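Peer 1: My questions all concern the structure below.
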Amino acid sequence: MPVDPSLVGREFPAPAPLTVTSDRVAAFAAAVGHPGDDVPPTFPIVLAFDAMMAFLDAEGIDLHRIVHGEQRFAYVRPLAVGDELSATLTVTGLRQIGGADIIATTSELADATGAVVCTGKATLVHSSGAETAQ
Amino acid sequence: MTTQLAAGDTLGPTTFTVTRADLVAYADASGDQNPIHQDEDVARSVGLPGVIAHGMYTLALVGRAVAEWTGGAEVVDLGAKFTSPVVVPAEGGAEVVVGGTVKSVADGLVTLALEVTCGGQKVLGMPKAVVRA
């Protein structure tokens with residue numbers, strides 16, 4: 001079933017802020033083999049993913065029908081241990097190609113002061129079922 | 001940044017082996033438990049050739065390569081299109097090769113052009129990283 005076109009412009013906040021703890025950063029760094037003590041640059045996906053799940057749950061979209069099509073991050077400043085981050089996902093575009101929904105999103109991550117520290121732009125490819133073939 | 005980079009410099013290539021166990025560890029650390037990255041049957045049911053790496057795992061490897069090449073320079077921009085899946089076999093692993101070239105150094109920023117392949121095929125479209133010089 002295609003995604004509802006009236007979604008464009010709607011916002012979906014992550015359910016809870018994420019505190020960047022040294023344990024969390026160390027676990028993520030170990031999983032990706034990051035060489036430094038700093039926060040790995042793709043760490044913001046942890047919170048962006050929470051916002052995406054809020055969106056998928058609200059719309060009744062199954063995660064296993066989503067493939068990540070594109071992801072770009074722009075960082076205002078490096079993330080640091082101690083940051084308390086909130087994320088809000090906005091659906092910015094929607095089109096259909098060959099039975100798949102191509103969902104464009106922007107997620108803004110803000111710190112406890114409300115300042116945006118990182119913006120993530122993602123494209124999510126939703127294959128809606130029987131017509132999927134590639 | 002500990003390394004001085006100039007336009008035209010070649011970085012890498014750096015090869016990473018990706019296993020199913022890596023994907024399970026990444027799923028736990030990132031929270032992305034999409035079964036297409038762990039379960040062959042689910043992956044095939046949605047038209048994929050098999051278990052595929054999280055696009056974000058491949059992009060994390062790019063971030064890792066950039067950190068290694070630049071001595072941990074601050075990343076300002078990082079992104080790519082996930083144009084071709086990295087299929088990870090049940091036994092052994094998939095080899096992801098990350099190579100880079102310094103495209104420009106200007107206004108205190110170093111822009112890297114990247115090529116990321118698996119089995120000789122490009123897996124990322126328009127991969128880009130910008131770090132502070």
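Just so we're on the same page: first chain in the structure tokens is A, next is B, and so on; residues restart at 1 for each chain, and ligands are numbered from 1 in the order they show up.
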Using only C-alpha atoms, find which residues of chain A lie within 9 Å of chain B and jot them down as a ChimeraX atom specification.

Peer 2: /A:24-25,27-36,38,40-43,45-47,49-50,63-78,121,123,127-130,132-134

Peer 1: Keeping C-alpha atoms, export the residues of the selection given above as an mmCIF file, in the first residue's frame.

Peer 2:
data_model
loop_
_atom_site.group_PDB
_atom_site.id
_atom_site.type_symbol
_atom_site.label_atom_id
_atom_site.label_comp_id
_atom_site.auth_asym_id
_atom_site.auth_seq_id
_atom_site.Cartn_x
_atom_site.Cartn_y
_atom_site.Cartn_z
ATOM 1 C CA ARG A 24 27.293 4.515 24.347
ATOM 2 C CA VAL A 25 30.004 6.164 22.286
ATOM 3 C CA ALA A 27 29.998 0.695 22.113
ATOM 4 C CA PHE A 28 29.275 2.433 18.817
ATOM 5 C CA ALA A 29 32.969 3.129 18.150
ATOM 6 C CA ALA A 30 33.808 -0.526 18.823
ATOM 7 C CA ALA A 31 31.068 -1.720 16.463
ATOM 8 C CA VAL A 32 32.379 0.378 13.571
ATOM 9 C CA GLY A 33 36.086 0.223 14.468
ATOM 10 C CA HIS A 34 36.401 3.990 14.914
ATOM 11 C CA PRO A 35 40.045 4.766 15.713
ATOM 12 C CA GLY A 36 39.775 7.860 17.961
ATOM 13 C CA ASP A 38 35.945 11.327 19.691
ATOM 14 C CA PRO A 40 32.211 8.758 15.463
ATOM 15 C CA PRO A 41 30.674 10.942 12.745
ATOM 16 C CA THR A 42 27.823 8.537 12.015
ATOM 17 C CA PHE A 43 26.790 8.303 15.695
ATOM 18 C CA ILE A 45 22.111 7.951 13.253
ATOM 19 C CA VAL A 46 21.267 6.446 16.652
ATOM 20 C CA LEU A 47 18.902 9.306 17.397
ATOM 21 C CA PHE A 49 16.844 6.206 13.729
ATOM 22 C CA ASP A 50 14.629 6.739 16.803
ATOM 23 C CA LEU A 63 10.798 -1.568 9.134
ATOM 24 C CA HIS A 64 11.771 -4.618 7.079
ATOM 25 C CA ARG A 65 10.161 -3.021 4.009
ATOM 26 C CA ILE A 66 12.478 -0.019 4.323
ATOM 27 C CA VAL A 67 15.869 0.184 2.651
ATOM 28 C CA HIS A 68 18.098 3.179 3.310
ATOM 29 C CA GLY A 69 18.592 4.957 -0.028
ATOM 30 C CA GLU A 70 20.724 7.930 0.949
ATOM 31 C CA GLN A 71 22.085 9.585 4.075
ATOM 32 C CA ARG A 72 23.938 12.846 4.400
ATOM 33 C CA PHE A 73 24.990 14.562 7.627
ATOM 34 C CA ALA A 74 26.024 18.185 8.052
ATOM 35 C CA TYR A 75 27.603 18.944 11.417
ATOM 36 C CA VAL A 76 27.496 22.346 13.076
ATOM 37 C CA ARG A 77 29.883 21.101 15.737
ATOM 38 C CA PRO A 78 31.258 17.715 16.779
ATOM 39 C CA LYS A 121 18.997 14.137 5.250
ATOM 40 C CA THR A 123 15.999 8.906 1.654
ATOM 41 C CA SER A 127 8.789 -1.514 -0.953
ATOM 42 C CA SER A 128 5.110 -2.041 -0.415
ATOM 43 C CA GLY A 129 4.833 -5.754 -1.083
ATOM 44 C CA ALA A 130 3.699 -7.934 -3.957
ATOM 45 C CA THR A 132 8.419 -5.510 -5.368
ATOM 46 C CA ALA A 133 10.934 -6.817 -7.858
ATOM 47 C CA GLN A 134 14.567 -5.974 -8.180
#

Peer 1: Taking 2 positions as the minimum chain separation for residues in the same chain, which residues sit within 10 Å of A:Ala112 when counting only C-alpha atoms? Answer as a list in words.

Peer 2: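 The residues satisfying every condition are Pro17, Thr19, Asp83, Glu84, Leu85, Ser86, Ala110, Gly114, Ala115 and Val116 of chain A.
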
Peer 1: Any chance you could export the current selection's N, CA and C atoms as a PDB file, in the first residue's frame?

Peer 2:
ATOM      1  N   PRO A  17      14.810  12.265  24.443  1.00  0.00           N
ATOM      2  CA  PRO A  17      16.170  12.732  24.135  1.00  0.00           C
ATOM      3  C   PRO A  17      17.177  11.619  24.384  1.00  0.00           C
ATOM      4  N   THR A  19      21.035  10.975  25.727  1.00  0.00           N
ATOM      5  CA  THR A  19      22.242  11.518  26.343  1.00  0.00           C
ATOM      6  C   THR A  19      23.435  10.770  25.785  1.00  0.00           C
ATOM      7  N   ASP A  83      26.397  15.577  25.814  1.00  0.00           N
ATOM      8  CA  ASP A  83      25.318  16.222  25.051  1.00  0.00           C
ATOM      9  C   ASP A  83      24.004  15.494  25.302  1.00  0.00           C
ATOM     10  N   GLU A  84      22.941  16.288  25.460  1.00  0.00           N
ATOM     11  CA  GLU A  84      21.602  15.712  25.495  1.00  0.00           C
ATOM     12  C   GLU A  84      20.904  16.166  24.233  1.00  0.00           C
ATOM     13  N   LEU A  85      20.644  15.205  23.349  1.00  0.00           N
ATOM     14  CA  LEU A  85      20.174  15.533  22.005  1.00  0.00           C
ATOM     15  C   LEU A  85      18.722  15.132  21.802  1.00  0.00           C
ATOM     16  N   SER A  86      17.996  15.990  21.096  1.00  0.00           N
ATOM     17  CA  SER A  86      16.633  15.678  20.680  1.00  0.00           C
ATOM     18  C   SER A  86      16.614  15.679  19.156  1.00  0.00           C
ATOM     19  N   ALA A 110      19.127  18.580  17.961  1.00  0.00           N
ATOM     20  CA  ALA A 110      19.402  19.789  18.732  1.00  0.00           C
ATOM     21  C   ALA A 110      19.905  19.411  20.116  1.00  0.00           C
ATOM     22  N   GLY A 114      18.731  23.874  22.622  1.00  0.00           N
ATOM     23  CA  GLY A 114      17.888  24.048  21.431  1.00  0.00           C
ATOM     24  C   GLY A 114      18.678  24.329  20.171  1.00  0.00           C
ATOM     25  N   ALA A 115      19.996  24.447  20.299  1.00  0.00           N
ATOM     26  CA  ALA A 115      20.828  24.714  19.116  1.00  0.00           C
ATOM     27  C   ALA A 115      20.973  23.447  18.285  1.00  0.00           C
ATOM     28  N   VAL A 116      20.800  23.584  16.974  1.00  0.00           N
ATOM     29  CA  VAL A 116      20.973  22.444  16.078  1.00  0.00           C
ATOM     30  C   VAL A 116      22.465  22.120  15.984  1.00  0.00           C
TER      31      VAL A 116
END

Peer 1: Hey, what's within 8 Å of B:Lys103 if we count only C-alpha atoms and toss same-chain stuff fewer than 4 positions away? As a list in words, please?

Peer 2: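 Returned residues: Ala7, Gly8, Val110, Thr111, Leu112 and Ala113 of chain B.
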
Peer 1: List every residue of stretch 30-78 of chain B that DSSP, applied to the backbone, labels as helix (DSSP H, G or I), and write the result as a ChimeraX atom specification.

Peer 2: /B:30,35-37,40-45,55-70

Peer 1: Export N, CA and C atoms of the chosen residues as a PDB file, in the first residue's frame?

Peer 2:
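Once written, result-v4.pdb looks like this:
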ATOM      1  N   SER B  30      23.762   0.451  17.293  1.00  0.00           N
ATOM      2  CA  SER B  30      23.072   1.567  16.642  1.00  0.00           C
ATOM      3  C   SER B  30      21.577   1.573  16.913  1.00  0.00           C
ATOM      4  N   PRO B  35      15.586  -6.596  10.189  1.00  0.00           N
ATOM      5  CA  PRO B  35      16.030  -7.982   9.963  1.00  0.00           C
ATOM      6  C   PRO B  35      16.671  -8.220   8.602  1.00  0.00           C
ATOM      7  N   ILE B  36      16.524  -7.299   7.644  1.00  0.00           N
ATOM      8  CA  ILE B  36      17.178  -7.501   6.337  1.00  0.00           C
ATOM      9  C   ILE B  36      18.701  -7.517   6.471  1.00  0.00           C
ATOM     10  N   HIS B  37      19.200  -7.041   7.643  1.00  0.00           N
ATOM     11  CA  HIS B  37      20.643  -7.034   7.874  1.00  0.00           C
ATOM     12  C   HIS B  37      21.108  -8.257   8.665  1.00  0.00           C
ATOM     13  N   GLU B  40      18.386 -13.945   6.336  1.00  0.00           N
ATOM     14  CA  GLU B  40      18.388 -14.223   4.896  1.00  0.00           C
ATOM     15  C   GLU B  40      16.953 -14.293   4.329  1.00  0.00           C
ATOM     16  N   ASP B  41      16.059 -14.975   5.046  1.00  0.00           N
ATOM     17  CA  ASP B  41      14.700 -15.182   4.530  1.00  0.00           C
ATOM     18  C   ASP B  41      13.957 -13.851   4.410  1.00  0.00           C
ATOM     19  N   VAL B  42      14.081 -13.004   5.433  1.00  0.00           N
ATOM     20  CA  VAL B  42      13.400 -11.705   5.387  1.00  0.00           C
ATOM     21  C   VAL B  42      13.988 -10.856   4.259  1.00  0.00           C
ATOM     22  N   ALA B  43      15.315 -10.879   4.133  1.00  0.00           N
ATOM     23  CA  ALA B  43      15.962 -10.080   3.080  1.00  0.00           C
ATOM     24  C   ALA B  43      15.449 -10.502   1.702  1.00  0.00           C
ATOM     25  N   ARG B  44      15.384 -11.817   1.471  1.00  0.00           N
ATOM     26  CA  ARG B  44      14.918 -12.300   0.162  1.00  0.00           C
ATOM     27  C   ARG B  44      13.440 -11.997  -0.052  1.00  0.00           C
ATOM     28  N   SER B  45      12.663 -12.001   1.043  1.00  0.00           N
ATOM     29  CA  SER B  45      11.220 -11.765   0.916  1.00  0.00           C
ATOM     30  C   SER B  45      10.910 -10.357   0.425  1.00  0.00           C
ATOM     31  N   GLY B  55      23.374   0.316   5.282  1.00  0.00           N
ATOM     32  CA  GLY B  55      24.053   1.394   4.552  1.00  0.00           C
ATOM     33  C   GLY B  55      24.888   2.226   5.505  1.00  0.00           C
ATOM     34  N   MET B  56      24.341   2.420   6.717  1.00  0.00           N
ATOM     35  CA  MET B  56      25.059   3.236   7.691  1.00  0.00           C
ATOM     36  C   MET B  56      26.311   2.548   8.212  1.00  0.00           C
ATOM     37  N   TYR B  57      26.368   1.220   8.101  1.00  0.00           N
ATOM     38  CA  TYR B  57      27.613   0.542   8.485  1.00  0.00           C
ATOM     39  C   TYR B  57      28.690   0.844   7.440  1.00  0.00           C
ATOM     40  N   THR B  58      28.301   0.775   6.180  1.00  0.00           N
ATOM     41  CA  THR B  58      29.255   1.097   5.111  1.00  0.00           C
ATOM     42  C   THR B  58      29.696   2.554   5.233  1.00  0.00           C
ATOM     43  N   LEU B  59      28.736   3.446   5.520  1.00  0.00           N
ATOM     44  CA  LEU B  59      29.113   4.861   5.666  1.00  0.00           C
ATOM     45  C   LEU B  59      30.007   5.057   6.895  1.00  0.00           C
ATOM     46  N   ALA B  60      29.764   4.260   7.944  1.00  0.00           N
ATOM     47  CA  ALA B  60      30.635   4.338   9.125  1.00  0.00           C
ATOM     48  C   ALA B  60      32.061   3.912   8.774  1.00  0.00           C
ATOM     49  N   LEU B  61      32.186   2.920   7.879  1.00  0.00           N
ATOM     50  CA  LEU B  61      33.534   2.511   7.442  1.00  0.00           C
ATOM     51  C   LEU B  61      34.215   3.648   6.682  1.00  0.00           C
ATOM     52  N   VAL B  62      33.429   4.398   5.925  1.00  0.00           N
ATOM     53  CA  VAL B  62      33.985   5.574   5.244  1.00  0.00           C
ATOM     54  C   VAL B  62      34.482   6.572   6.298  1.00  0.00           C
ATOM     55  N   GLY B  63      33.669   6.809   7.321  1.00  0.00           N
ATOM     56  CA  GLY B  63      34.070   7.721   8.398  1.00  0.00           C
ATOM     57  C   GLY B  63      35.345   7.247   9.082  1.00  0.00           C
ATOM     58  N   ARG B  64      35.440   5.920   9.247  1.00  0.00           N
ATOM     59  CA  ARG B  64      36.627   5.335   9.873  1.00  0.00           C
ATOM     60  C   ARG B  64      37.862   5.541   8.996  1.00  0.00           C
ATOM     61  N   ALA B  65      37.711   5.303   7.689  1.00  0.00           N
ATOM     62  CA  ALA B  65      38.839   5.505   6.777  1.00  0.00           C
ATOM     63  C   ALA B  65      39.282   6.969   6.797  1.00  0.00           C
ATOM     64  N   VAL B  66      38.307   7.875   6.757  1.00  0.00           N
ATOM     65  CA  VAL B  66      38.633   9.308   6.760  1.00  0.00           C
ATOM     66  C   VAL B  66      39.364   9.679   8.053  1.00  0.00           C
ATOM     67  N   ALA B  67      38.906   9.128   9.178  1.00  0.00           N
ATOM     68  CA  ALA B  67      39.563   9.411  10.466  1.00  0.00           C
ATOM     69  C   ALA B  67      40.996   8.893  10.450  1.00  0.00           C
ATOM     70  N   GLU B  68      41.188   7.708   9.878  1.00  0.00           N
ATOM     71  CA  GLU B  68      42.547   7.136   9.818  1.00  0.00           C
ATOM     72  C   GLU B  68      43.446   7.966   8.901  1.00  0.00           C
ATOM     73  N   TRP B  69      42.906   8.385   7.769  1.00  0.00           N
ATOM     74  CA  TRP B  69      43.723   9.128   6.798  1.00  0.00           C
ATOM     75  C   TRP B  69      44.096  10.529   7.301  1.00  0.00           C
ATOM     76  N   THR B  70      43.175  11.143   8.052  1.00  0.00           N
ATOM     77  CA  THR B  70      43.359  12.558   8.409  1.00  0.00           C
ATOM     78  C   THR B  70      43.818  12.744   9.850  1.00  0.00           C
TER      79      THR B  70
END

Peer 1: Between A:Leu56, A:Ala87, A:Val125, A:Val117, single out the one closest to A:Asp101, counting only C-alpha atoms.

Peer 2: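 Nearest to A:Asp101: A:Val125.
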
Peer 1: Between atom CA of A:Pro13 and atom CA of A:Leu89, what distance in Å does the model show, to one decimal?

Peer 2: 6.0 Å

Peer 1: So which residues touch A:Arg95 within 10 Å, counting only C-alpha atoms, skipping near sequence neighbours fewer than 2 positions away, as a list of chain:residue names?

Peer 2: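 Near neighbours after the sequence-gap exclusion: A:Pro2, A:Val3, A:Pro5, A:Gly93, A:Ile97, A:Ala100, A:Asp101, A:Ile102, A:Ile103, A:Ala104, A:Val125.
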
Peer 1: Go ahead and compute the interatomic distance for atom CA of A:Gly9 and atom CA of A:Val91, in Å to one decimal.

Peer 2: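 Atom-to-atom, atom CA of A:Gly9 to atom CA of A:Val91, that is 5.4 Å.
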
Peer 1: Expressed in Å to a single decimal, how great is the separation between atom CA of B:Asp39 and atom CA of A:Thr106?

Peer 2: 28.5 Å

Peer 1: Taking the chain letters and numbering used in this document, name the residues of stretch 9-115 of chain A that DSSP puts in strand (DSSP E or B), as a VMD selection string.

Peer 2: chain A and resid 11 to 13 18 to 19 66 to 75 84 to 97 100 to 110

Peer 1: When you count only C-alpha atoms, which of these residues is closest to A:Glu59: A:Ala80, A:Leu124, A:Val20, A:Leu7?

Peer 2: A:Leu7
